[in-house]
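> Got a structure for you, target.cif, holding mmCIF, C-alpha atoms.
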```
data_my_file
#
loop_
_atom_site.label_atom_id
_atom_site.label_comp_id
_atom_site.auth_asym_id
_atom_site.auth_seq_id
_atom_site.Cartn_x
_atom_site.Cartn_y
_atom_site.Cartn_z
CA MET A 24 -65.87 -8.88 -49.36
CA LYS A 25 -63.21 -6.23 -48.96
CA GLN A 26 -64.43 -5.15 -45.52
CA GLN A 27 -63.34 -8.33 -43.68
CA PRO A 28 -59.58 -7.89 -44.39
CA LEU A 29 -59.87 -4.28 -43.33
CA ARG A 30 -61.50 -5.29 -40.03
CA ASP A 31 -58.78 -7.90 -39.48
CA SER A 32 -56.07 -5.37 -40.19
CA LEU A 33 -57.59 -2.85 -37.77
CA ARG A 34 -57.98 -5.59 -35.15
CA ARG A 35 -54.31 -6.60 -35.51
CA GLY A 36 -53.16 -3.00 -35.38
CA PHE A 37 -55.19 -2.36 -32.23
CA GLY A 38 -53.76 -5.52 -30.66
CA ASP A 39 -50.23 -4.42 -31.43
CA LEU A 40 -50.91 -1.04 -29.86
CA LEU A 41 -52.39 -2.73 -26.80
CA VAL A 42 -49.34 -4.99 -26.39
CA ALA A 43 -46.97 -2.05 -26.83
CA ALA A 44 -48.89 0.02 -24.28
CA LEU A 45 -48.93 -2.86 -21.81
CA GLY A 46 -45.16 -3.32 -22.26
CA LEU A 47 -44.61 0.36 -21.64
CA VAL A 48 -46.65 0.18 -18.45
CA LEU A 49 -44.65 -2.83 -17.25
CA ILE A 50 -41.35 -1.10 -18.00
CA GLN A 51 -42.43 2.02 -16.17
CA ALA A 52 -43.61 -0.07 -13.24
CA ALA A 53 -40.28 -1.88 -13.10
CA GLN A 54 -38.40 1.38 -13.28
CA SER A 55 -40.51 2.83 -10.49
CA GLN A 56 -39.65 -0.07 -8.21
CA PRO A 57 -36.67 0.79 -5.98
CA SER A 58 -33.53 -1.28 -6.45
CA PRO A 59 -32.81 -3.71 -3.63
CA THR A 60 -30.83 -1.93 -0.93
CA TRP A 61 -28.51 -3.61 1.54
CA SER A 62 -27.06 -1.84 4.51
CA GLY A 63 -24.73 -2.51 7.36
CA GLN A 64 -22.24 -1.25 9.89
CA VAL A 65 -18.54 -2.02 10.28
CA VAL A 66 -17.41 -2.29 13.91
CA ASP A 67 -14.34 -3.13 15.95
CA ALA A 68 -14.64 -6.79 16.98
CA GLN A 69 -13.15 -6.11 20.42
CA SER A 70 -14.75 -2.84 21.46
CA GLY A 71 -17.87 -2.82 19.30
CA GLN A 72 -17.09 0.76 18.30
CA PRO A 73 -17.90 1.83 14.72
CA ILE A 74 -15.06 2.02 12.20
CA ALA A 75 -15.21 5.12 10.04
CA HIS A 76 -13.74 5.20 6.51
CA ALA A 77 -13.67 1.39 6.15
CA ILE A 78 -13.87 0.24 2.55
CA VAL A 79 -16.67 -2.20 1.72
CA GLN A 80 -16.03 -3.94 -1.59
CA ALA A 81 -18.05 -6.21 -3.88
CA ALA A 82 -16.76 -7.05 -7.34
CA GLU A 83 -15.53 -3.78 -8.85
CA GLN A 84 -17.62 -1.47 -6.67
CA SER A 85 -16.87 -0.07 -3.25
CA VAL A 86 -18.24 2.33 -0.67
CA ARG A 87 -16.73 3.89 2.45
CA THR A 88 -18.39 3.84 5.83
CA ASP A 89 -19.48 7.10 7.44
CA ALA A 90 -18.45 8.41 10.85
CA GLN A 91 -20.75 5.83 12.49
CA GLY A 92 -19.33 2.95 10.47
CA ARG A 93 -22.53 2.68 8.42
CA PHE A 94 -22.92 2.13 4.71
CA VAL A 95 -25.67 1.54 2.17
CA TRP A 96 -25.28 -0.72 -0.84
CA SER A 97 -27.70 -0.70 -3.79
CA ALA A 98 -27.85 -3.83 -5.89
CA SER A 99 -30.11 -5.02 -8.67
CA SER A 100 -30.06 -8.72 -7.89
CA ARG A 101 -29.22 -11.09 -5.04
CA PRO A 102 -27.52 -9.97 -1.82
CA PRO A 103 -23.86 -9.07 -2.37
CA ARG A 104 -20.88 -10.76 -0.79
CA TRP A 105 -18.69 -8.10 0.76
CA SER A 106 -15.01 -7.79 1.47
CA VAL A 107 -14.03 -5.18 4.04
CA ARG A 108 -10.76 -3.52 4.91
CA ALA A 109 -9.54 -0.65 7.07
CA CYS A 110 -6.08 0.31 8.19
CA GLY A 111 -5.42 -0.97 11.67
CA TYR A 112 -7.59 -4.05 11.14
CA SER A 113 -7.43 -7.52 9.66
CA ARG A 114 -9.24 -7.90 6.38
CA LEU A 115 -12.65 -9.55 6.16
CA ASN A 116 -13.38 -11.49 2.99
CA ASP A 117 -16.58 -12.88 1.48
CA ALA A 118 -19.14 -11.72 4.05
CA GLN A 119 -22.74 -12.43 3.04
CA ALA A 120 -25.31 -9.61 3.23
CA SER A 121 -28.46 -10.37 5.19
CA ALA A 122 -32.05 -9.22 4.81
CA GLY A 123 -31.67 -6.60 7.54
CA PRO A 124 -28.69 -4.39 8.38
CA THR A 125 -25.54 -6.51 8.53
CA THR A 126 -22.90 -6.04 11.22
CA LEU A 127 -19.38 -6.66 9.92
CA SER A 128 -16.68 -7.03 12.57
CA LEU A 129 -12.98 -6.37 11.97
CA HIS A 130 -10.25 -7.44 14.36
CA PRO A 131 -7.71 -4.75 15.29
CA ILE A 132 -4.07 -5.34 14.43
CA ARG A 133 -0.87 -3.43 15.07
CA PRO A 134 1.80 -4.87 12.77
CA LYS A 135 5.32 -4.89 14.23
CA ALA A 136 7.49 -5.96 11.35
CA LEU A 137 10.94 -6.99 10.23
CA TYR A 138 12.13 -6.34 6.68
CA LEU A 139 13.39 -9.21 4.51
CA SER A 140 15.00 -8.46 1.16
CA VAL A 141 14.85 -10.54 -2.02
CA PHE A 142 17.81 -12.49 -0.70
CA GLY A 143 16.69 -12.44 2.94
CA ILE A 144 13.36 -14.12 2.26
CA GLY A 145 15.16 -16.72 0.17
CA SER A 146 17.82 -17.43 2.80
CA ARG A 147 16.76 -20.18 5.17
CA PRO A 148 19.00 -18.92 8.04
CA LEU A 149 17.80 -15.30 7.75
CA ARG A 150 14.17 -16.29 7.30
CA GLU A 151 14.22 -18.73 10.20
CA SER A 152 15.93 -16.16 12.40
CA ALA A 153 13.11 -13.70 11.67
CA LEU A 154 10.48 -16.36 12.34
CA LYS A 155 12.13 -17.24 15.65
CA LEU A 156 11.81 -13.60 16.70
CA ALA A 157 8.16 -13.67 15.66
CA ALA A 158 7.66 -16.70 17.91
CA THR A 159 9.48 -15.28 20.94
CA THR A 160 9.06 -11.49 20.80
CA GLU A 161 6.47 -8.85 19.91
CA ILE A 162 7.25 -9.18 16.17
CA ASN A 163 4.10 -10.26 14.31
CA ALA A 164 4.64 -9.11 10.72
CA LEU A 165 7.09 -9.22 7.82
CA VAL A 166 7.84 -6.78 5.02
CA ILE A 167 9.00 -8.87 2.07
CA ASP A 168 10.56 -7.60 -1.13
CA VAL A 169 8.58 -8.72 -4.15
CA LYS A 170 10.41 -6.16 -6.32
CA ASP A 171 13.54 -4.56 -4.95
CA ASP A 172 15.47 -1.40 -5.76
CA ARG A 173 17.36 -3.04 -8.60
CA GLY A 174 14.23 -4.54 -10.11
CA LEU A 175 14.81 -8.06 -8.80
CA VAL A 176 11.79 -10.27 -8.08
CA PRO A 177 12.36 -13.23 -5.73
CA HIS A 178 9.75 -15.61 -7.16
CA ARG A 179 8.83 -16.89 -10.60
CA SER A 180 6.67 -14.14 -12.00
CA ALA A 181 4.36 -14.39 -15.00
CA SER A 182 4.53 -10.64 -15.46
CA VAL A 183 8.34 -10.68 -15.53
CA ALA A 184 8.30 -13.60 -17.96
CA ALA A 185 6.04 -11.62 -20.27
CA SER A 186 8.05 -8.42 -19.99
CA GLY A 187 10.74 -9.32 -22.51
CA LEU A 188 13.59 -8.90 -20.03
CA GLY A 189 14.93 -12.37 -20.73
CA PRO A 190 15.38 -15.24 -18.24
CA GLN A 191 14.47 -14.21 -14.72
CA LYS A 192 17.31 -14.61 -12.27
CA PRO A 193 18.02 -15.09 -9.53
CA ILE A 194 14.99 -16.96 -8.20
CA THR A 195 15.46 -16.93 -4.44
CA VAL A 196 12.05 -18.38 -3.47
CA ALA A 197 11.01 -21.48 -5.39
CA ASP A 198 7.34 -21.36 -4.40
CA MET A 199 6.20 -18.01 -3.05
CA PRO A 200 2.44 -18.83 -2.89
CA THR A 201 3.15 -21.81 -0.65
CA LEU A 202 5.53 -19.77 1.51
CA VAL A 203 2.90 -17.04 1.88
CA ARG A 204 0.34 -19.61 3.04
CA GLN A 205 2.81 -21.03 5.54
CA LEU A 206 3.66 -17.63 6.96
CA LYS A 207 0.02 -16.62 7.24
CA ALA A 208 -0.74 -19.93 8.97
CA GLN A 209 1.66 -18.74 11.67
CA GLY A 210 -0.50 -15.64 12.16
CA LEU A 211 1.89 -13.21 10.48
CA TYR A 212 0.69 -10.04 8.76
CA LEU A 213 2.43 -9.91 5.38
CA ILE A 214 3.43 -6.75 3.55
CA ALA A 215 4.67 -6.90 -0.05
CA ARG A 216 7.27 -4.20 -0.74
CA VAL A 217 7.29 -3.02 -4.34
CA VAL A 218 10.00 -0.55 -5.37
CA VAL A 219 8.49 1.52 -8.16
CA PHE A 220 10.60 4.06 -10.03
CA LYS A 221 14.08 2.95 -8.98
CA ASP A 222 14.30 0.04 -11.41
CA ASN A 223 17.61 -0.66 -13.10
CA GLN A 224 16.34 -3.57 -15.18
CA TRP A 225 13.30 -1.80 -16.60
CA ALA A 226 15.03 1.54 -17.20
CA SER A 227 18.03 -0.10 -18.88
CA ALA A 228 15.79 -2.22 -21.12
CA HIS A 229 13.60 0.78 -22.03
CA PRO A 230 15.77 3.89 -22.11
CA GLN A 231 12.90 5.79 -23.75
CA TRP A 232 11.11 5.54 -20.37
CA ALA A 233 14.14 6.36 -18.22
CA VAL A 234 15.46 9.46 -16.50
CA HIS A 235 18.26 11.09 -18.51
CA ARG A 236 21.06 13.58 -18.11
CA ALA A 237 21.11 16.85 -20.01
CA ASP A 238 23.43 15.29 -22.61
CA GLY A 239 20.88 12.56 -23.32
CA SER A 240 22.72 9.77 -21.54
CA LEU A 241 20.98 7.48 -19.07
CA TRP A 242 21.13 8.90 -15.55
CA ARG A 243 22.19 6.59 -12.73
CA ASP A 244 22.15 7.32 -9.01
CA GLY A 245 24.96 6.91 -6.49
CA GLU A 246 24.40 3.14 -6.47
CA ASP A 247 24.72 2.99 -10.27
CA VAL A 248 21.00 2.28 -10.62
CA ALA A 249 18.88 3.73 -13.43
CA TRP A 250 15.39 5.09 -12.76
CA ILE A 251 12.10 5.13 -14.62
CA ASP A 252 10.72 8.56 -15.43
CA PRO A 253 7.53 8.74 -13.31
CA PHE A 254 5.78 10.72 -16.04
CA GLN A 255 6.01 7.69 -18.35
CA GLN A 256 2.71 6.00 -17.54
CA ALA A 257 3.43 3.26 -20.06
CA ALA A 258 6.17 2.07 -17.70
CA TRP A 259 3.90 1.81 -14.65
CA ASP A 260 2.43 -1.57 -15.56
CA ARG A 261 5.50 -3.56 -14.50
CA SER A 262 5.22 -2.49 -10.87
CA LEU A 263 1.43 -2.69 -10.89
CA ALA A 264 1.49 -6.21 -12.35
CA ILE A 265 3.96 -7.43 -9.73
CA ALA A 266 1.85 -5.82 -7.01
CA GLU A 267 -1.20 -7.62 -8.39
CA GLU A 268 0.63 -10.95 -8.26
CA ALA A 269 1.45 -10.30 -4.61
CA ALA A 270 -2.20 -9.55 -3.89
CA GLN A 271 -3.24 -12.75 -5.63
CA MET A 272 -0.80 -14.72 -3.49
CA GLY A 273 -2.45 -13.50 -0.31
CA PHE A 274 -0.33 -10.62 0.99
CA ASP A 275 -2.35 -8.41 3.32
CA GLU A 276 -0.86 -5.17 2.07
CA VAL A 277 1.16 -3.75 -0.80
CA GLN A 278 3.71 -1.13 0.18
CA PHE A 279 5.14 1.06 -2.57
CA ASP A 280 8.67 2.33 -2.02
CA TYR A 281 10.65 4.80 -4.13
CA ILE A 282 7.26 6.15 -5.09
CA ARG A 283 8.94 9.44 -5.94
CA PHE A 284 11.10 11.39 -8.33
CA PRO A 285 14.87 11.08 -7.84
CA ASP A 286 16.36 13.64 -5.47
CA ALA A 287 19.01 14.99 -7.83
CA THR A 288 19.37 18.12 -9.93
CA GLY A 289 19.98 18.61 -13.64
CA LEU A 290 17.82 15.66 -14.71
CA VAL A 291 15.73 15.46 -17.85
CA PHE A 292 12.18 14.08 -17.80
CA SER A 293 9.60 13.63 -20.52
CA GLU A 294 7.56 16.53 -19.10
CA PRO A 295 8.43 19.72 -17.25
CA ALA A 296 9.00 18.54 -13.67
CA THR A 297 7.15 21.32 -11.87
CA GLU A 298 5.94 20.71 -8.33
CA PRO A 299 2.23 20.44 -9.29
CA ARG A 300 3.08 17.95 -12.03
CA ARG A 301 5.28 15.88 -9.74
CA VAL A 302 2.65 15.69 -7.01
CA ALA A 303 -0.15 14.88 -9.46
CA THR A 304 1.92 12.10 -11.05
CA ILE A 305 2.78 10.35 -7.78
CA ASN A 306 -0.84 10.52 -6.67
CA ALA A 307 -2.05 9.26 -10.06
CA PHE A 308 0.16 6.18 -9.75
CA LEU A 309 -1.28 5.42 -6.31
CA ASP A 310 -4.81 5.85 -7.65
CA ALA A 311 -4.00 3.45 -10.50
CA ALA A 312 -2.69 0.96 -7.94
CA ARG A 313 -5.80 1.26 -5.80
CA GLN A 314 -8.02 0.64 -8.80
CA ARG A 315 -5.93 -2.32 -9.99
CA LEU A 316 -5.77 -3.99 -6.57
CA ALA A 317 -9.27 -3.23 -5.25
CA ARG A 318 -10.71 -6.62 -6.13
CA TYR A 319 -8.13 -8.35 -3.91
CA ASN A 320 -9.13 -6.42 -0.78
CA VAL A 321 -5.53 -5.46 0.03
CA LEU A 322 -4.42 -2.34 1.83
CA ILE A 323 -2.08 0.13 0.14
CA ALA A 324 0.88 1.90 1.73
CA ALA A 325 3.53 4.35 0.59
CA ASP A 326 7.01 4.96 1.99
CA ILE A 327 7.98 8.61 2.30
CA PHE A 328 11.06 10.57 3.33
CA GLY A 329 11.12 11.63 6.97
CA TYR A 330 11.59 15.26 5.97
CA VAL A 331 8.29 15.17 4.06
CA ALA A 332 6.62 15.56 7.46
CA TRP A 333 8.52 18.82 7.99
CA ASN A 334 8.50 20.33 4.51
CA THR A 335 5.36 22.02 3.27
CA ASN A 336 6.37 21.54 -0.37
CA ASP A 337 6.91 18.20 -2.12
CA THR A 338 10.60 17.97 -1.06
CA GLN A 339 11.35 18.19 -4.81
CA ILE A 340 10.34 14.54 -5.25
CA GLY A 341 6.55 14.63 -5.61
CA GLN A 342 5.74 13.66 -2.01
CA GLN A 343 3.57 16.43 -0.56
CA LEU A 344 2.23 15.23 2.77
CA GLU A 345 -1.37 16.44 2.75
CA ALA A 346 -1.77 15.36 -0.88
CA ILE A 347 -0.31 11.87 -0.70
CA ALA A 348 -2.22 11.10 2.51
CA GLN A 349 -5.44 11.16 0.49
CA HIS A 350 -4.38 8.25 -1.71
CA VAL A 351 -3.19 5.46 0.63
CA ASP A 352 -4.27 3.52 3.69
CA TYR A 353 -0.89 3.66 5.42
CA LEU A 354 1.92 6.20 5.26
CA SER A 355 5.32 4.91 6.35
CA PRO A 356 7.85 7.67 6.91
CA MET A 357 11.47 6.58 7.08
CA LEU A 358 12.35 7.98 10.50
CA TYR A 359 15.91 6.71 10.68
CA PRO A 360 17.79 9.26 12.81
CA SER A 361 20.77 8.80 10.50
CA GLY A 362 18.66 10.07 7.62
CA PHE A 363 17.91 13.43 9.25
CA THR A 364 21.17 14.97 8.06
CA PHE A 365 20.18 18.49 9.07
CA GLY A 366 18.35 17.48 12.22
CA ILE A 367 14.90 18.83 13.03
CA PRO A 368 13.90 21.95 14.96
CA GLU A 369 15.44 21.87 18.46
CA HIS A 370 17.24 18.60 17.72
CA ARG A 371 20.50 18.97 15.81
CA ASN A 372 22.10 15.63 16.62
CA PRO A 373 19.47 13.08 15.60
CA VAL A 374 21.44 9.92 16.41
CA ALA A 375 21.80 11.10 20.00
CA GLU A 376 18.04 11.62 20.31
CA PRO A 377 16.25 8.74 18.56
CA TYR A 378 13.14 9.05 20.73
CA ALA A 379 12.71 12.76 20.06
CA ILE A 380 13.27 12.43 16.32
CA VAL A 381 10.58 9.77 15.95
CA GLU A 382 8.09 11.31 18.39
CA HIS A 383 8.27 14.88 17.15
CA THR A 384 8.18 13.93 13.48
CA LEU A 385 5.14 11.69 13.94
CA LYS A 386 3.31 14.29 16.00
CA ARG A 387 3.87 16.88 13.31
CA ALA A 388 2.83 14.50 10.54
CA LYS A 389 -0.34 13.43 12.32
CA GLN A 390 -1.26 17.02 13.09
CA ARG A 391 -0.92 17.97 9.42
CA THR A 392 -3.04 15.04 8.24
CA HIS A 393 -5.70 15.29 10.94
CA GLY A 394 -9.12 14.60 9.48
CA THR A 395 -7.89 12.16 6.82
CA PRO A 396 -8.36 8.40 7.25
CA VAL A 397 -4.67 7.64 6.71
CA CYS A 398 -2.86 5.52 9.32
CA TRP A 399 0.78 5.87 10.30
CA ARG A 400 3.31 3.06 10.60
CA PRO A 401 6.93 4.27 10.52
CA TRP A 402 10.19 2.68 9.47
CA LEU A 403 12.70 2.61 12.33
CA GLN A 404 16.48 2.24 12.28
CA ALA A 405 18.04 -1.11 13.18
CA PHE A 406 21.46 -0.59 11.56
CA ARG A 407 24.69 1.26 12.33
CA ASP A 408 24.65 5.03 11.85
CA TYR A 409 26.02 6.19 8.51
CA GLY A 410 25.46 9.96 8.68
CA PHE A 411 27.14 11.13 11.88
CA ASP A 412 29.48 9.19 14.16
CA ARG A 413 29.00 5.58 12.99
CA ARG A 414 27.54 4.53 16.34
CA PRO A 415 25.77 1.16 16.46
CA PHE A 416 22.01 1.16 16.92
CA GLY A 417 21.38 -1.47 19.55
CA GLU A 418 18.94 -2.19 22.32
CA LEU A 419 18.61 1.33 23.73
CA GLU A 420 18.31 3.11 20.38
CA ILE A 421 15.86 0.59 18.89
CA ARG A 422 13.67 0.56 21.99
CA ALA A 423 13.66 4.35 22.16
CA GLN A 424 12.33 4.55 18.60
CA ILE A 425 9.67 1.89 19.25
CA ASP A 426 8.54 3.62 22.43
CA ALA A 427 8.28 6.93 20.58
CA ALA A 428 6.21 5.37 17.81
CA GLU A 429 3.87 3.73 20.30
CA SER A 430 3.56 6.89 22.41
CA THR A 431 2.13 8.67 19.37
CA ASP A 432 -0.44 5.90 18.83
CA THR A 433 0.82 4.69 15.48
CA HIS A 434 -0.59 1.59 13.84
CA GLY A 435 2.57 -0.43 14.36
CA TRP A 436 6.16 0.02 13.20
CA MET A 437 8.79 -1.67 11.02
CA LEU A 438 12.50 -2.31 11.62
CA TRP A 439 14.90 -1.85 8.72
CA ASN A 440 18.24 -3.56 8.48
CA PRO A 441 19.48 -3.87 4.87
CA ARG A 442 21.39 -7.05 5.73
CA ASN A 443 18.35 -8.53 7.49
CA HIS A 444 20.38 -9.18 10.65
CA TYR A 445 18.04 -8.91 13.63
CA ASP A 446 18.13 -10.11 17.20
CA GLU A 447 16.18 -9.46 20.39
CA SER A 448 17.79 -6.06 20.92
CA GLY A 449 15.13 -3.55 21.88
CA LEU A 450 12.24 -5.98 21.50
CA LYS A 451 9.81 -7.11 24.18
CA LEU A 452 10.27 -10.82 24.74
CA GLU A 453 6.63 -11.72 25.26
CA PRO A 454 5.08 -12.67 21.92
CA SER A 455 2.40 -10.40 20.51
CA PRO A 456 -1.03 -11.85 19.80
CA SER A 457 -1.29 -13.22 16.29
CA ALA A 458 -1.53 -10.31 13.87
CA THR A 459 -4.00 -11.87 11.49
CA GLN A 460 -6.16 -14.11 13.63
CA PRO A 461 -9.05 -13.09 15.95
#
```
Could you render the structure as structure tokens?


Amino acid sequence: MKQQPLRDSLRRGFGDLLVAALGLVLIQAAQSQPSPTWSGQVVDAQSGQPIAHAIVQAAEQSVRTDAQGRFVWSASSRPPRWSVRACGYSRLNDAQASAGPTTLSLHPIRPKALYLSVFGIGSRPLRESALKLAATTEINALVIDVKDDRGLVPHRSASVAASGLGPQKPITVADMPTLVRQLKAQGLYLIARVVVFKDNQWASAHPQWAVHRADGSLWRDGEDVAWIDPFQQAAWDRSLAIAEEAAQMGFDEVQFDYIRFPDATGLVFSEPATEPRRVATINAFLDAARQRLARYNVLIAADIFGYVAWNTNDTQIGQQLEAIAQHVDYLSPMLYPSGFTFGIPEHRNPVAEPYAIVEHTLKRAKQRTHGTPVCWRPWLQAFRDYGFDRRPFGELEIRAQIDAAESTDTHGWMLWNPRNHYDESGLKLEPSPSATQP
């Protein structure tokens, strides 16, 4: 009578072993099966030529195309939906992978932009004047302040509201998302300018994160503006959050300005401000921005001093050319002749030679960054000289700079006038093709 339970127990034990062994075989078989692989090529929609270094994005993951524009994507489930971006091209969003290799076409663009400040974008006369130029000249893009060099934000911002800075004012644009949609409907390429470390509001509210003098007092620059210490990573989120809001609203690109240490001596930072530390910190911020903004498929740019193209060091501000070029899609040197106080080799009077200043600086910069995927789109001077003889910069000077930029095959250019006063001076009167439409 005792043998039957023993047989049952052995039978159950054998069955359990059989089930376990079968499960192990199934697991091993599943693991041995290759993950679904999707592949494709990114090409220029006009020429059909491959686009190297394009970024193909799905969710939080991304890959770059090789020299032939090809990429391979491994996925464990259904075909991914890709977003694609590359400097010099319009973005492609939500492209469906196919069973075979997928061809993804990007339309080339060459943004030719005007700058509008926090107050310029909110001023109907200034905004409409800029839009009139976009309709009648080669202008096809706008650079719009979404955080300026005093920390002002033109639109109602959830991140500003949550920052503890108190009521946000002034609000110069009542409904920025709607305005962005309207501007994009006109075919304009939109660049959100975010001033990073020059931030009077944030530094004044959080002096523990600010740049100080040797006596411990808050340091302010020549415009009486306090700065954030770039080493203080806890202070980065304000600029990153505002940049993310701009990406959510539909801006094509986020351009970081004052992405540097202040160019003054005798300042006190939270860490020793050696050149390697400065360079690493600026690049780390740009990496943090790329990671934060990747899901929105926006391009990232950085403004740099014109002399950064000529100096082999970091110009004492953390901007070392070969290093920073590895961390952005666009580099935008400020090539205002008035800003080249000491001239450049063989050109000692920059305002008298606007073409040479722009051309020679860009050639040098591009030579030094050859082999990197970075694109160049310079800032050009559209305001009266302030560094030499106070000459106006009009039709001849503006056109000379534009011609120099285009002769060096840049990916567009941008005109800067701090008062946002622009006219047809120096511009070609035939409208450019829409910047953002095929």

> Can you translate the PyMOL selection byres ((chain A and resi 331) around 10) into the concrete residues it hits in this file, as an MDAnalysis selection string?

chainID A and resid 327:330 332:345 356:357 384 388

> Given the choices A:His76, A:Arg236, A:Arg407, A:Lys135, which gets closest to Ile425 of chain A if the distance is worked out from all atoms listed in the file?

A:Lys135

> Please tell me which residues are no farther than 8 Å from (20.0, -17.0, 16.3) in the file, counting only C-alpha atoms, and write them as a compact mmCIF listing (two decimals) with C-alpha atoms, in the coordinates of the input.


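Generated output (part04.txt):
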```txt
# COMPACT_ATOMS: atom_id res chain seq x y z
CA SER A 152 15.93 -16.16 12.40
CA LYS A 155 12.13 -17.24 15.65
CA ASP A 446 18.13 -10.11 17.20
```

> Do a neighbour search on Ala324 of chain A at 8 Å with only C-alpha atoms, toss out local chain neighbours closer than 5 positions, and write the hits as a list in words.

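Contacts, with the query itself left out: Glu276, Val277, Gln278, Phe279, Val351, Asp352, Tyr353, Leu354 and Ser355 of chain A.
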
> How many Å separate atom CA of Asn306 of chain A from atom CA of Ala346 of chain A?

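Computed distance, atom CA of Asn306 of chain A to atom CA of Ala346 of chain A, equals 7.6 Å.
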
> Give me the result of the PyMOL selection byres ((chain A and resi 409-422) around 9) on this file, residue by residue, as a tab-separated table (two decimals) with C-alpha atoms, in the coordinates of the input.


```tsv
chain	number	residue	atom	x	y	z
A	360	PRO	CA	17.79	9.26	12.81
A	361	SER	CA	20.77	8.80	10.50
A	362	GLY	CA	18.66	10.07	7.62
A	363	PHE	CA	17.91	13.43	9.25
A	364	THR	CA	21.17	14.97	8.06
A	372	ASN	CA	22.10	15.63	16.62
A	373	PRO	CA	19.47	13.08	15.60
A	374	VAL	CA	21.44	9.92	16.41
A	375	ALA	CA	21.80	11.10	20.00
A	376	GLU	CA	18.04	11.62	20.31
A	377	PRO	CA	16.25	8.74	18.56
A	378	TYR	CA	13.14	9.05	20.73
A	403	LEU	CA	12.70	2.61	12.33
A	404	GLN	CA	16.48	2.24	12.28
A	405	ALA	CA	18.04	-1.11	13.18
A	406	PHE	CA	21.46	-0.59	11.56
A	407	ARG	CA	24.69	1.26	12.33
A	408	ASP	CA	24.65	5.03	11.85
A	423	ALA	CA	13.66	4.35	22.16
A	424	GLN	CA	12.33	4.55	18.60
A	425	ILE	CA	9.67	1.89	19.25
A	426	ASP	CA	8.54	3.62	22.43
A	427	ALA	CA	8.28	6.93	20.58
A	438	LEU	CA	12.50	-2.31	11.62
A	447	GLU	CA	16.18	-9.46	20.39
A	448	SER	CA	17.79	-6.06	20.92
A	449	GLY	CA	15.13	-3.55	21.88
A	450	LEU	CA	12.24	-5.98	21.50
A	451	LYS	CA	9.81	-7.11	24.18
```

> Using only C-alpha atoms, determine which residues lie at most 6 Å from segment 108-122 of chain A, disregarding the query and same-chain residues fewer than 5 positions distant; provide the list as a PyMOL selection string.

chain A and resi 77-78+102-103+129-132+352+434+459
